[in-house]
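Here's entry_16.json, which has JSON, C-alpha atoms:
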```json
[["chain", "number", "residue", "atom", "x", "y", "z"],
["A", 261, "MET", "CA", 4.90, -22.01, 3.45],
["A", 262, "VAL", "CA", 7.46, -19.21, 3.26],
["A", 263, "TRP", "CA", 10.13, -18.43, 0.74],
["A", 264, "SER", "CA", 12.23, -15.48, -0.42],
["A", 265, "ARG", "CA", 14.00, -14.63, -3.63],
["A", 266, "ALA", "CA", 17.16, -12.55, -3.77],
["A", 267, "PHE", "CA", 18.04, -10.61, -6.89],
["A", 268, "GLY", "CA", 21.56, -10.45, -8.26],
["A", 269, "GLY", "CA", 21.86, -7.98, -9.86],
["A", 270, "ILE", "CA", -3.40, 10.25, -5.39],
["A", 271, "VAL", "CA", -1.73, 16.20, -6.88],
["A", 272, "GLY", "CA", -3.62, 16.41, -5.87],
["A", 273, "VAL", "CA", -6.82, 15.50, -5.39],
["A", 274, "HIS", "CA", -8.08, 18.46, -3.40],
["A", 275, "SER", "CA", -8.37, 17.84, 0.33],
["A", 276, "GLY", "CA", -12.11, 17.31, 0.32],
["A", 277, "GLU", "CA", -11.95, 14.99, -2.66],
["A", 278, "SER", "CA", -9.12, 12.89, -1.23],
["A", 279, "SER", "CA", -10.92, 12.57, 2.08],
["A", 280, "LYS", "CA", -14.02, 11.35, 0.28],
["A", 281, "LEU", "CA", -11.92, 8.77, -1.58],
["A", 282, "ALA", "CA", -10.48, 7.47, 1.66],
["A", 283, "GLU", "CA", -13.59, 7.69, 3.81],
["A", 284, "SER", "CA", -15.85, 6.02, 1.27],
["A", 285, "SER", "CA", -13.56, 3.01, 0.90],
["A", 286, "ALA", "CA", -15.35, 0.88, 3.48],
["A", 287, "ALA", "CA", -18.64, 1.18, 1.62],
["A", 288, "LYS", "CA", -17.08, 0.79, -1.81],
["A", 289, "HIS", "CA", -14.89, -2.24, -1.19],
["A", 290, "ARG", "CA", -16.07, -5.61, 0.09],
["A", 291, "VAL", "CA", -13.97, -8.17, 1.89],
["A", 292, "PRO", "CA", -14.81, -11.84, 1.33],
["A", 293, "VAL", "CA", -16.48, -13.72, 4.17],
["A", 294, "ARG", "CA", -13.74, -15.58, 5.99],
["A", 295, "ARG", "CA", -13.78, -19.37, 5.88],
["A", 296, "GLN", "CA", -11.82, -21.73, 8.06],
["A", 297, "GLY", "CA", -8.39, -22.28, 6.61],
["A", 298, "ASP", "CA", -8.28, -19.10, 4.50],
["A", 299, "VAL", "CA", -4.72, -18.22, 3.54],
["A", 300, "LEU", "CA", -3.53, -14.79, 2.42],
["A", 301, "LYS", "CA", -0.27, -14.70, 0.48],
["A", 302, "LEU", "CA", 1.70, -11.55, 1.20],
["A", 303, "ALA", "CA", 4.74, -10.12, -0.56],
["A", 304, "VAL", "CA", 7.09, -7.37, 0.59],
["A", 305, "VAL", "CA", 9.46, -5.74, -1.89],
["A", 306, "GLN", "CA", 12.91, -4.59, -0.72],
["A", 307, "MET", "CA", 14.97, -2.69, -3.26],
["A", 308, "GLN", "CA", 17.64, -0.05, -3.78],
["A", 309, "CYS", "CA", 16.73, 3.31, -5.29],
["A", 310, "SER", "CA", 18.77, 5.32, -7.77],
["A", 311, "GLU", "CA", 18.65, 8.99, -8.71],
["A", 312, "ASP", "CA", 16.51, 8.05, -11.74],
["A", 313, "LYS", "CA", 12.82, 8.16, -10.84],
["A", 314, "GLU", "CA", 11.67, 6.28, -13.94],
["A", 315, "GLU", "CA", 14.17, 3.51, -13.23],
["A", 316, "ASN", "CA", 12.88, 3.19, -9.66],
["A", 317, "VAL", "CA", 9.23, 3.13, -10.65],
["A", 318, "ALA", "CA", 9.83, 0.64, -13.47],
["A", 319, "LYS", "CA", 11.73, -1.62, -11.08],
["A", 320, "ALA", "CA", 8.93, -1.45, -8.51],
["A", 321, "ILE", "CA", 6.29, -2.26, -11.12],
["A", 322, "ALA", "CA", 8.36, -5.21, -12.33],
["A", 323, "ARG", "CA", 8.72, -6.49, -8.76],
["A", 324, "VAL", "CA", 4.96, -6.26, -8.22],
["A", 325, "ALA", "CA", 4.40, -8.22, -11.43],
["A", 326, "GLU", "CA", 6.93, -10.84, -10.36],
["A", 327, "ALA", "CA", 5.37, -11.20, -6.91],
["A", 328, "ALA", "CA", 1.94, -11.56, -8.48],
["A", 329, "GLY", "CA", 3.31, -14.22, -10.81],
["A", 330, "ASN", "CA", 4.52, -16.11, -7.75],
["A", 331, "GLY", "CA", 1.05, -16.10, -6.26],
["A", 332, "ALA", "CA", 1.14, -13.06, -3.97],
["A", 333, "GLN", "CA", -2.27, -11.49, -3.35],
["A", 334, "VAL", "CA", -1.23, -8.37, -1.41],
["A", 335, "ILE", "CA", 2.08, -6.66, -2.21],
["A", 336, "CYS", "CA", 3.75, -3.81, -0.31],
["A", 337, "LEU", "CA", 6.49, -1.48, -1.57],
["A", 338, "GLN", "CA", 8.93, 0.45, 0.62],
["A", 339, "GLU", "CA", 8.50, 4.05, 1.77],
["A", 340, "LEU", "CA", 8.83, 6.65, -1.02],
["A", 341, "PHE", "CA", 9.99, 3.96, -3.46],
["A", 342, "ALA", "CA", 9.99, 6.22, -6.53],
["A", 343, "THR", "CA", 12.96, 8.38, -5.49],
["A", 344, "PRO", "CA", 15.95, 8.52, -3.22],
["A", 345, "TYR", "CA", 14.94, 9.33, 0.36],
["A", 346, "PRO", "CA", 14.41, 13.11, 0.08],
["A", 347, "CYS", "CA", 14.79, 14.26, 3.68],
["A", 348, "GLN", "CA", 18.51, 14.16, 4.46],
["A", 349, "SER", "CA", 18.60, 17.93, 4.03],
["A", 350, "GLU", "CA", 16.10, 20.76, 3.67],
["A", 351, "ASP", "CA", 15.93, 21.51, -0.03],
["A", 352, "HIS", "CA", 12.98, 23.30, -1.59],
["A", 353, "ALA", "CA", 13.84, 21.82, -4.99],
["A", 354, "ARG", "CA", 12.80, 18.38, -3.75],
["A", 355, "PHE", "CA", 9.16, 19.39, -3.50],
["A", 356, "ALA", "CA", 9.22, 18.90, -7.27],
["A", 357, "TRP", "CA", 9.55, 15.16, -6.58],
["A", 358, "ALA", "CA", 6.00, 15.09, -5.23],
["A", 359, "GLU", "CA", 2.93, 14.14, -7.28],
["A", 360, "PRO", "CA", -0.81, 14.38, -6.89],
["A", 361, "ILE", "CA", -2.90, 11.31, -6.18],
["A", 362, "PRO", "CA", -4.12, 10.36, -8.77],
["A", 363, "GLY", "CA", -0.91, 11.14, -10.63],
["A", 364, "PRO", "CA", 1.64, 9.49, -12.92],
["A", 365, "THR", "CA", 3.15, 7.09, -10.37],
["A", 366, "SER", "CA", -0.08, 6.23, -8.60],
["A", 367, "ASP", "CA", -1.73, 5.55, -11.95],
["A", 368, "ARG", "CA", 0.97, 2.98, -12.69],
["A", 369, "LEU", "CA", 0.35, 1.32, -9.34],
["A", 370, "ALA", "CA", -3.34, 1.15, -10.14],
["A", 371, "ALA", "CA", -2.63, -0.30, -13.57],
["A", 372, "VAL", "CA", -0.31, -3.05, -12.30],
["A", 373, "ALA", "CA", -2.80, -3.96, -9.57],
["A", 374, "ALA", "CA", -5.57, -4.32, -12.15],
["A", 375, "GLU", "CA", -3.39, -6.15, -14.68],
["A", 376, "HIS", "CA", -2.42, -8.85, -12.20],
["A", 377, "GLY", "CA", -5.50, -8.85, -9.95],
["A", 378, "VAL", "CA", -3.58, -8.03, -6.77],
["A", 379, "VAL", "CA", -3.76, -5.50, -3.95],
["A", 380, "VAL", "CA", -0.83, -3.05, -3.97],
["A", 381, "VAL", "CA", 0.35, -0.80, -1.14],
["A", 382, "GLY", "CA", 2.47, 2.06, -2.48],
["A", 383, "SER", "CA", 4.12, 4.88, -0.52],
["A", 384, "LEU", "CA", 4.11, 8.24, -2.29],
["A", 385, "PHE", "CA", 5.31, 11.83, -1.81],
["A", 386, "GLU", "CA", 1.87, 13.41, -2.20],
["A", 387, "ARG", "CA", 1.29, 16.94, -3.43],
["A", 388, "ARG", "CA", -2.14, 17.62, -2.02],
["A", 389, "ALA", "CA", -2.22, 21.34, -2.80],
["A", 390, "PRO", "CA", 0.33, 24.12, -3.26],
["A", 391, "GLY", "CA", 2.37, 24.22, -0.06],
["A", 392, "LEU", "CA", 0.67, 21.11, 1.36],
["A", 393, "TYR", "CA", 2.51, 17.82, 1.06],
["A", 394, "HIS", "CA", 2.11, 14.43, 2.74],
["A", 395, "ASN", "CA", 3.94, 11.13, 3.07],
["A", 396, "THR", "CA", 1.08, 8.95, 1.91],
["A", 397, "ALA", "CA", 0.40, 5.23, 1.53],
["A", 398, "ALA", "CA", -2.12, 4.45, -1.19],
["A", 399, "VAL", "CA", -3.86, 1.07, -1.34],
["A", 400, "TYR", "CA", -5.08, -0.18, -4.72],
["A", 401, "ASP", "CA", -7.55, -3.04, -5.04],
["A", 402, "THR", "CA", -7.50, -5.87, -7.57],
["A", 403, "ASP", "CA", -9.49, -3.89, -10.13],
["A", 404, "GLY", "CA", -7.12, -0.92, -9.94],
["A", 405, "SER", "CA", -9.50, 1.25, -7.93],
["A", 406, "ILE", "CA", -8.18, 3.14, -4.95],
["A", 407, "ALA", "CA", -9.31, 1.40, -1.80],
["A", 408, "GLY", "CA", -8.02, 4.09, 0.54],
["A", 409, "LEU", "CA", -5.26, 6.42, 1.65],
["A", 410, "TYR", "CA", -3.23, 6.71, 4.83],
["A", 411, "ARG", "CA", -1.23, 9.87, 5.47],
["A", 412, "LYS", "CA", 1.73, 9.46, 7.81],
["A", 413, "MET", "CA", 0.74, 10.75, 11.24],
["A", 414, "HIS", "CA", 4.05, 10.91, 13.13],
["A", 415, "ILE", "CA", 6.61, 13.10, 11.37],
["A", 416, "PRO", "CA", 10.23, 12.92, 12.61],
["A", 417, "ASP", "CA", 12.86, 15.62, 12.73],
["A", 418, "ASP", "CA", 16.19, 13.93, 13.41],
["A", 419, "PRO", "CA", 19.67, 14.26, 11.91],
["A", 420, "LEU", "CA", 19.34, 13.31, 8.21],
["A", 421, "TYR", "CA", 15.60, 12.68, 8.67],
["A", 422, "TYR", "CA", 14.26, 16.22, 8.33],
["A", 423, "GLU", "CA", 10.74, 15.19, 7.44],
["A", 424, "LYS", "CA", 8.95, 18.06, 9.19],
["A", 425, "PHE", "CA", 10.32, 20.36, 6.49],
["A", 426, "TYR", "CA", 8.54, 18.35, 3.79],
["A", 427, "PHE", "CA", 5.48, 16.63, 5.22],
["A", 428, "THR", "CA", 2.31, 17.85, 6.87],
["A", 429, "PRO", "CA", 1.07, 15.40, 9.53],
["A", 430, "GLY", "CA", -1.71, 13.12, 8.34],
["A", 431, "ASP", "CA", -5.35, 13.99, 8.90],
["A", 432, "LEU", "CA", -7.10, 10.71, 8.05],
["A", 433, "GLY", "CA", -6.39, 8.95, 11.33],
["A", 434, "PHE", "CA", -5.43, 5.32, 11.82],
["A", 435, "ARG", "CA", -7.59, 3.17, 9.60],
["A", 436, "SER", "CA", -8.34, -0.25, 8.23],
["A", 437, "ILE", "CA", -8.82, -0.19, 4.49],
["A", 438, "GLY", "CA", -11.19, -2.75, 3.02],
["A", 439, "THR", "CA", -10.03, -4.58, -0.09],
["A", 440, "SER", "CA", -11.25, -7.66, -1.91],
["A", 441, "LYS", "CA", -8.46, -9.71, -0.32],
["A", 442, "ALA", "CA", -8.22, -8.47, 3.28],
["A", 443, "HIS", "CA", -8.59, -5.58, 5.67],
["A", 444, "ILE", "CA", -5.33, -3.68, 5.24],
["A", 445, "GLY", "CA", -3.79, -1.34, 7.80],
["A", 446, "THR", "CA", -0.95, 0.96, 6.81],
["A", 447, "CYS", "CA", 1.31, 3.03, 8.98],
["A", 448, "VAL", "CA", 4.55, 4.56, 7.70],
["A", 449, "CYS", "CA", 8.08, 4.34, 9.12],
["A", 450, "TRP", "CA", 8.23, 6.62, 12.22],
["A", 451, "ASP", "CA", 4.69, 5.49, 13.07],
["A", 452, "GLN", "CA", 6.18, 2.09, 13.86],
["A", 453, "TRP", "CA", 7.52, 3.30, 17.22],
["A", 454, "TYR", "CA", 4.06, 4.19, 18.55],
["A", 455, "PRO", "CA", 1.97, 1.42, 20.09],
["A", 456, "GLU", "CA", -1.09, 3.68, 19.99],
["A", 457, "ALA", "CA", -0.95, 3.76, 16.18],
["A", 458, "ALA", "CA", -0.83, -0.02, 15.88],
["A", 459, "ARG", "CA", -3.59, -0.45, 18.48],
["A", 460, "LEU", "CA", -6.00, 1.95, 16.78],
["A", 461, "THR", "CA", -5.32, 0.36, 13.39],
["A", 462, "ALA", "CA", -6.05, -3.08, 14.81],
["A", 463, "MET", "CA", -9.18, -1.78, 16.53],
["A", 464, "ALA", "CA", -10.39, -0.54, 13.13],
["A", 465, "GLY", "CA", -10.35, -4.14, 11.90],
["A", 466, "ALA", "CA", -6.98, -4.56, 10.16],
["A", 467, "GLU", "CA", -5.87, -8.14, 9.57],
["A", 468, "VAL", "CA", -2.46, -7.12, 8.25],
["A", 469, "LEU", "CA", -0.52, -4.02, 9.29],
["A", 470, "PHE", "CA", 2.05, -2.83, 6.74],
["A", 471, "TYR", "CA", 4.92, -0.47, 7.50],
["A", 472, "PRO", "CA", 6.52, 1.00, 4.36],
["A", 473, "THR", "CA", 9.85, 2.21, 5.73],
["A", 474, "ALA", "CA", 13.09, 4.07, 4.98],
["A", 475, "ILE", "CA", 15.48, 3.58, 7.89],
["A", 476, "GLY", "CA", 19.20, 3.00, 8.15],
["A", 477, "TRP", "CA", 22.47, 3.57, 9.92],
["A", 478, "LEU", "CA", 24.36, 6.83, 10.23],
["A", 479, "PRO", "CA", 28.09, 6.47, 9.53],
["A", 480, "ASP", "CA", 29.30, 7.54, 12.96],
["A", 481, "GLU", "CA", 26.81, 5.31, 14.81],
["A", 482, "LYS", "CA", 26.76, 1.96, 13.02],
["A", 483, "ASP", "CA", 29.78, 0.32, 14.66],
["A", 484, "THR", "CA", 28.68, 1.16, 18.20],
["A", 485, "TYR", "CA", 24.90, 1.23, 18.02],
["A", 486, "GLY", "CA", 24.02, -0.47, 14.73],
["A", 487, "PRO", "CA", 23.01, -3.92, 16.02],
["A", 488, "SER", "CA", 20.89, -2.55, 18.86],
["A", 489, "GLN", "CA", 19.23, 0.04, 16.59],
["A", 490, "HIS", "CA", 18.17, -2.61, 14.10],
["A", 491, "ALA", "CA", 17.08, -5.01, 16.84],
["A", 492, "ALA", "CA", 14.93, -2.34, 18.49],
["A", 493, "TRP", "CA", 13.27, -1.52, 15.15],
["A", 494, "GLU", "CA", 12.36, -5.13, 14.43],
["A", 495, "THR", "CA", 11.37, -5.90, 18.02],
["A", 496, "MET", "CA", 9.03, -2.92, 18.18],
["A", 497, "MET", "CA", 6.98, -4.04, 15.20],
["A", 498, "ARG", "CA", 6.96, -7.69, 16.22],
["A", 499, "SER", "CA", 5.58, -6.53, 19.55],
["A", 500, "HIS", "CA", 2.72, -4.80, 17.70],
["A", 501, "ALA", "CA", 1.87, -8.13, 16.07],
["A", 502, "ILE", "CA", 1.78, -9.79, 19.50],
["A", 503, "ALA", "CA", -0.09, -7.06, 21.37],
["A", 504, "ASN", "CA", -2.75, -6.76, 18.68],
["A", 505, "GLY", "CA", -2.99, -10.30, 17.35],
["A", 506, "LEU", "CA", -2.46, -9.52, 13.66],
["A", 507, "PHE", "CA", 0.09, -9.99, 10.89],
["A", 508, "VAL", "CA", 2.74, -7.28, 10.52],
["A", 509, "ALA", "CA", 4.94, -6.66, 7.49],
["A", 510, "ALA", "CA", 7.72, -4.09, 7.10],
["A", 511, "ALA", "CA", 9.22, -3.07, 3.74],
["A", 512, "ASN", "CA", 12.54, -1.21, 3.95],
["A", 513, "ARG", "CA", 15.02, -0.04, 1.32],
["A", 514, "ILE", "CA", 18.70, -0.95, 1.02],
["A", 515, "GLY", "CA", 21.86, 0.78, -0.17],
["A", 516, "LYS", "CA", 23.86, 3.90, 0.56],
["A", 517, "GLU", "CA", 22.14, 7.21, -0.17],
["A", 518, "GLY", "CA", 24.00, 10.30, 0.90],
["A", 519, "GLU", "CA", 25.14, 9.62, 4.46],
["A", 520, "ILE", "CA", 22.55, 6.96, 5.29],
["A", 521, "GLU", "CA", 23.16, 3.25, 4.82],
["A", 522, "PHE", "CA", 19.66, 1.82, 4.64],
["A", 523, "TRP", "CA", 19.62, -1.46, 6.53],
["A", 524, "GLY", "CA", 16.96, -3.48, 4.71],
["A", 525, "GLY", "CA", 15.91, -6.31, 7.00],
["A", 526, "SER", "CA", 12.32, -6.28, 5.72],
["A", 527, "PHE", "CA", 10.18, -8.94, 7.37],
["A", 528, "ILE", "CA", 6.76, -10.51, 7.84],
["A", 529, "ALA", "CA", 5.59, -11.62, 11.31],
["A", 530, "ASP", "CA", 2.59, -13.61, 12.49],
["A", 531, "PRO", "CA", 0.19, -12.67, 15.35],
["A", 532, "TYR", "CA", 2.56, -14.33, 17.85],
["A", 533, "GLY", "CA", 5.47, -12.22, 16.63],
["A", 534, "ASN", "CA", 7.17, -15.14, 14.90],
["A", 535, "LEU", "CA", 9.17, -14.24, 11.82],
["A", 536, "LEU", "CA", 7.65, -15.84, 8.74],
["A", 537, "ALA", "CA", 10.19, -14.28, 6.39],
["A", 538, "LYS", "CA", 13.14, -11.92, 6.79],
["A", 539, "ALA", "CA", 15.35, -10.17, 4.25],
["A", 540, "SER", "CA", 19.07, -9.47, 4.29],
["A", 541, "HIS", "CA", 20.63, -6.10, 5.08],
["A", 542, "ASP", "CA", 22.10, -5.55, 1.63],
["A", 543, "LYS", "CA", 20.25, -7.44, -1.11],
["A", 544, "GLU", "CA", 17.22, -6.66, -3.24],
["A", 545, "GLU", "CA", 14.59, -9.26, -2.39],
["A", 546, "ILE", "CA", 10.93, -10.12, -2.51],
["A", 547, "LEU", "CA", 9.71, -11.75, 0.69],
["A", 548, "TYR", "CA", 6.70, -14.04, 0.63],
["A", 549, "ALA", "CA", 4.60, -15.56, 3.38],
["A", 550, "ASP", "CA", 1.39, -17.57, 3.44],
["A", 551, "CYS", "CA", -0.66, -16.10, 6.30],
["A", 552, "GLN", "CA", -3.20, -18.41, 7.93],
["A", 553, "LEU", "CA", -5.90, -15.88, 8.80],
["A", 554, "ASP", "CA", -7.53, -18.20, 11.36],
["A", 555, "LEU", "CA", -4.46, -17.52, 13.48],
["A", 556, "ILE", "CA", -5.76, -14.01, 14.24],
["A", 557, "ASP", "CA", -8.75, -15.37, 16.15],
["A", 558, "THR", "CA", -6.66, -18.13, 17.71],
["A", 559, "ALA", "CA", -4.09, -15.64, 19.01],
["A", 560, "ARG", "CA", -6.72, -13.22, 20.30],
["A", 561, "THR", "CA", -8.69, -15.88, 22.14],
["A", 562, "HIS", "CA", -5.62, -17.49, 23.73],
["A", 563, "TRP", "CA", -3.91, -14.16, 24.48],
["A", 564, "PRO", "CA", -7.03, -11.98, 24.94],
["A", 565, "PHE", "CA", -5.33, -8.61, 25.20],
["A", 566, "LEU", "CA", -8.15, -6.81, 23.38],
["A", 567, "ARG", "CA", -10.75, -8.38, 25.68],
["A", 568, "ASP", "CA", -8.97, -7.36, 28.87],
["A", 569, "ARG", "CA", -8.17, -3.76, 28.02],
["A", 570, "ARG", "CA", -9.29, -1.37, 30.79],
["A", 571, "ILE", "CA", -10.72, 1.27, 28.51],
["A", 572, "ASP", "CA", -12.21, 3.03, 31.53],
["A", 573, "ALA", "CA", -8.71, 3.71, 32.92],
["A", 574, "TYR", "CA", -6.83, 5.16, 29.93],
["A", 575, "ASP", "CA", -8.04, 8.78, 29.86],
["A", 576, "ASP", "CA", -4.57, 10.08, 30.69],
["A", 577, "LEU", "CA", -3.22, 8.72, 27.42],
["A", 578, "LEU", "CA", -4.70, 11.86, 25.89],
["A", 579, "LYS", "CA", -2.27, 13.95, 27.95],
["A", 580, "ARG", "CA", 1.27, 14.77, 26.89],
["A", 581, "TYR", "CA", 2.55, 13.72, 30.32],
["A", 582, "ARG", "CA", 1.11, 12.96, 33.75],
["A", 583, "ASP", "CA", 2.57, 15.85, 35.73]]
```

Could you show the structure in this file as structure tokens?
Amino acid sequence: MVWSRAFGGIVGVHSGESSKLAESSAAKHRVPVRRQGDVLKLAVVQMQCSEDKEENVAKAIARVAEAAGNGAQVICLQELFATPYPCQSEDHARFAWAEPIPGPTSDRLAAVAAEHGVVVVGSLFERRAPGLYHNTAAVYDTDGSIAGLYRKMHIPDDPLYYEKFYFTPGDLGFRSIGTSKAHIGTCVCWDQWYPEAARLTAMAGAEVLFYPTAIGWLPDEKDTYGPSQHAAWETMMRSHAIANGLFVAAANRIGKEGEIEFWGGSFIADPYGNLLAKASHDKEEILYADCQLDLIDTARTHWPFLRDRRIDAYDDLLKRYRD
């Protein structure tokens, strides 16, 4: 069963401490033994951000509460949901938007997860230490404890996406984070273009791969390239679902911020790449999908891509290029 609703209208923890939080998650968090017919209800929040951080965070918390009230068990917010997208220019003042983890915004994510007994995936501008900042996805379990962190590994530097100025590449690798509801994989935005990232996350045991995202059209490109840009974005992630036999969910923002028109289009796909739910380009929505977890094994045994990988023949993937 799938439905969607349209609306009208941790500083850081020091590097060693944050690594311990993330690396100890597998031992600390237990995933239920799977039974035939188990269903995991996912929710993806798509919303517009204003210049007011408190307004954005309050809206996100309210959306999590609403999704939980509608039966969602795992809920994902969009990339850097607490603020406007910060990277359209290089501005030192925007480092003040970052917070430690734990910090004020992450504490509110933990609290709403515990209040409603849900798993929450929240993307945060992390201040790890003075001069060291990350684009980080934090996963909170149903009791409000932190199940694990993922720090964005691939950092773009494109017109209006000057992320290299702000973010240090991640150092936690591609991981599956154990929670009481499911094994959760998180990559972030630019990571979605790399099949290696999805493969390694799946190989770590992820049942669902989330992509918190902030992507949109540039004004001088939309008319000519807009449809193909959006189609490529969606197709790439649906292909990860197929190639790895797992559920994939992308949460994007909407609205005009500066020169970027964020294109929304958040979606949830099954292990065959079928769209279970898809959002509009211009409305705030919560997407829901009931994910039949047995389908992971069914897909992987009928399309046994993991079985037939020639791991003895891939050494050159560690090279930049085969000259």

Pick from A:Ala539, A:Ala573, A:Ile520, A:Ile546 nearest to A:Ala322, counting all atoms listed in the file: A:Ile546

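Residues in contact range of A:Trp453, defined as at most 9 Å between all atoms listed in the file, with sequence neighbours fewer than 4 positions away removed, read Cys449, Ala457, Trp493, Met496 and Met497 of chain A.
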
Once you count only C-alpha atoms, what closest atom pair and distance in Å to one decimal does each residue of stretch 454-515 of chain A within 12 Å of stretch 336-356 of chain A have, with rows by chain and rising residue number, as a tab-separated table?
```
residue	atom	partner	partner_atom	distance
A:Val468	CA	A:Cys336	CA	11.1
A:Leu469	CA	A:Cys336	CA	10.5
A:Phe470	CA	A:Cys336	CA	7.3
A:Tyr471	CA	A:Gln338	CA	8.0
A:Pro472	CA	A:Glu339	CA	4.5
A:Thr473	CA	A:Glu339	CA	4.6
A:Ala474	CA	A:Glu339	CA	5.6
A:Ile475	CA	A:Glu339	CA	9.3
A:Gly476	CA	A:Tyr345	CA	10.9
A:Leu478	CA	A:Gln348	CA	11.0
A:Val508	CA	A:Cys336	CA	11.4
A:Ala509	CA	A:Cys336	CA	8.4
A:Ala510	CA	A:Gln338	CA	8.0
A:Ala511	CA	A:Gln338	CA	4.7
A:Asn512	CA	A:Gln338	CA	5.2
A:Arg513	CA	A:Gln338	CA	6.1
A:Ile514	CA	A:Gln338	CA	9.9
A:Gly515	CA	A:Pro344	CA	10.2
```

Restricting it to C-alpha atoms, dump the selection as an mmCIF file, in the coordinates of the input.
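Written file, result37.cif:
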```
data_model
loop_
_atom_site.group_PDB
_atom_site.id
_atom_site.type_symbol
_atom_site.label_atom_id
_atom_site.label_comp_id
_atom_site.auth_asym_id
_atom_site.auth_seq_id
_atom_site.Cartn_x
_atom_site.Cartn_y
_atom_site.Cartn_z
ATOM 1 C CA VAL A 468 -2.460 -7.120 8.250
ATOM 2 C CA LEU A 469 -0.520 -4.020 9.290
ATOM 3 C CA PHE A 470 2.050 -2.830 6.740
ATOM 4 C CA TYR A 471 4.920 -0.470 7.500
ATOM 5 C CA PRO A 472 6.520 1.000 4.360
ATOM 6 C CA THR A 473 9.850 2.210 5.730
ATOM 7 C CA ALA A 474 13.090 4.070 4.980
ATOM 8 C CA ILE A 475 15.480 3.580 7.890
ATOM 9 C CA GLY A 476 19.200 3.000 8.150
ATOM 10 C CA LEU A 478 24.360 6.830 10.230
ATOM 11 C CA VAL A 508 2.740 -7.280 10.520
ATOM 12 C CA ALA A 509 4.940 -6.660 7.490
ATOM 13 C CA ALA A 510 7.720 -4.090 7.100
ATOM 14 C CA ALA A 511 9.220 -3.070 3.740
ATOM 15 C CA ASN A 512 12.540 -1.210 3.950
ATOM 16 C CA ARG A 513 15.020 -0.040 1.320
ATOM 17 C CA ILE A 514 18.700 -0.950 1.020
ATOM 18 C CA GLY A 515 21.860 0.780 -0.170
#
```

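Of the residues listed (A:Tyr421, A:Trp477, A:Tyr485, A:Tyr548), A:Trp477 shows the shortest atom-to-atom separation from A:Trp523; distances use all atoms listed in the file.
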
7 Å contact set for stretch 323-328 of chain A, all atoms listed in the file, chain neighbours under 6 positions out, as a list of chain:residue names: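 Close residues of stretch 323-328 of chain A: A:Ala303, A:Val305, A:Ile335, A:His376, A:Val378.
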
Please build the interface table for stretch 284-372 of chain A against stretch 540-544 of chain A with a cut-off of 7 Å, listing for each qualifying residue the nearest atom pair and the distance in Å to one decimal; count all atoms listed in the file, order rows by chain and increasing number, and write it as a tab-separated table.
```
residue	atom	partner	partner_atom	distance
A:Gln306	CA	A:Glu544	CA	5.4
A:Met307	CA	A:Glu544	CA	4.6
A:Gln308	CA	A:Glu544	CA	6.6
```

Which of these residues is nearest to A:Asp554, using only C-alpha atoms: A:Asp530, A:Asp418, A:Glu375, A:Asp431?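 Closest residue, counting only C-alpha atoms: A:Asp530.
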
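Interatomic distance, atom CA of A:Ala501 against atom CA of A:Asn534: 8.9 Å.
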
Quick one: what's the axis-aligned box for stretch 520-528 of chain A, all listed atoms, 4 Å on every side, centre and edges in Å to one decimal, as lines of an AutoDock Vina configuration file?
```
center_x = 15.0
center_y = -1.8
center_z = 6.2
size_x = 24.4
size_y = 25.5
size_z = 11.2
```

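Atom CA of A:Gly486 to atom CA of A:Glu517 spans 16.9 Å [interatomic distance, one decimal].
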
Atom CA of A:Phe527 to atom CA of A:Gln333, straight-line distance in Å: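 If I compute the distance from atom CA of A:Gln333 to atom CA of A:Phe527, I get 16.6 Å.
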
When you look at A:Tyr454 with a cut-off of 12 Å (counting only C-alpha atoms), what residues show up, excluding the ones that are within fewer than 3 positions of it in the same chain? I need them as a PyMOL selection string. chain A and resi 413-415+434+447-451+457-461+493+496-497+499-500

I'd like a table as CSV: residues in stretch 424-535 of chain A with an atom no more than 7 Å from stretch 381-395 of chain A, each row giving the shortest atom pair and its distance in Å to one decimal, all atoms listed in the file counted, sorted by chain and rising residue number.
```
residue,atom,partner,partner_atom,distance
A:Tyr426,CA,A:Tyr393,CA,6.6
A:Phe427,CA,A:His394,CA,4.7
A:Thr428,CA,A:His394,CA,5.4
A:Pro429,CA,A:His394,CA,6.9
A:Gly430,CA,A:His394,CA,6.9
A:Pro472,CA,A:Ser383,CA,6.7
```

Should you be able to, write stretch 298-311 of chain A of this structure into a file that contains C-alpha atoms, as a CSV table (one decimal), in the first residue's frame.
```csv
chain,number,residue,atom,x,y,z
A,298,ASP,CA,7.6,-8.4,7.4
A,299,VAL,CA,6.7,-4.9,6.2
A,300,LEU,CA,8.6,-1.8,6.9
A,301,LYS,CA,6.7,1.5,6.5
A,302,LEU,CA,8.9,4.3,5.2
A,303,ALA,CA,8.3,8.0,5.0
A,304,VAL,CA,10.2,10.7,3.1
A,305,VAL,CA,9.7,14.3,3.9
A,306,GLN,CA,9.9,16.9,1.0
A,307,MET,CA,9.6,20.5,2.1
A,308,GLN,CA,10.6,24.1,1.3
A,309,CYS,CA,13.1,25.9,3.5
A,310,SER,CA,13.0,29.6,4.6
A,311,GLU,CA,15.7,31.9,5.9
```
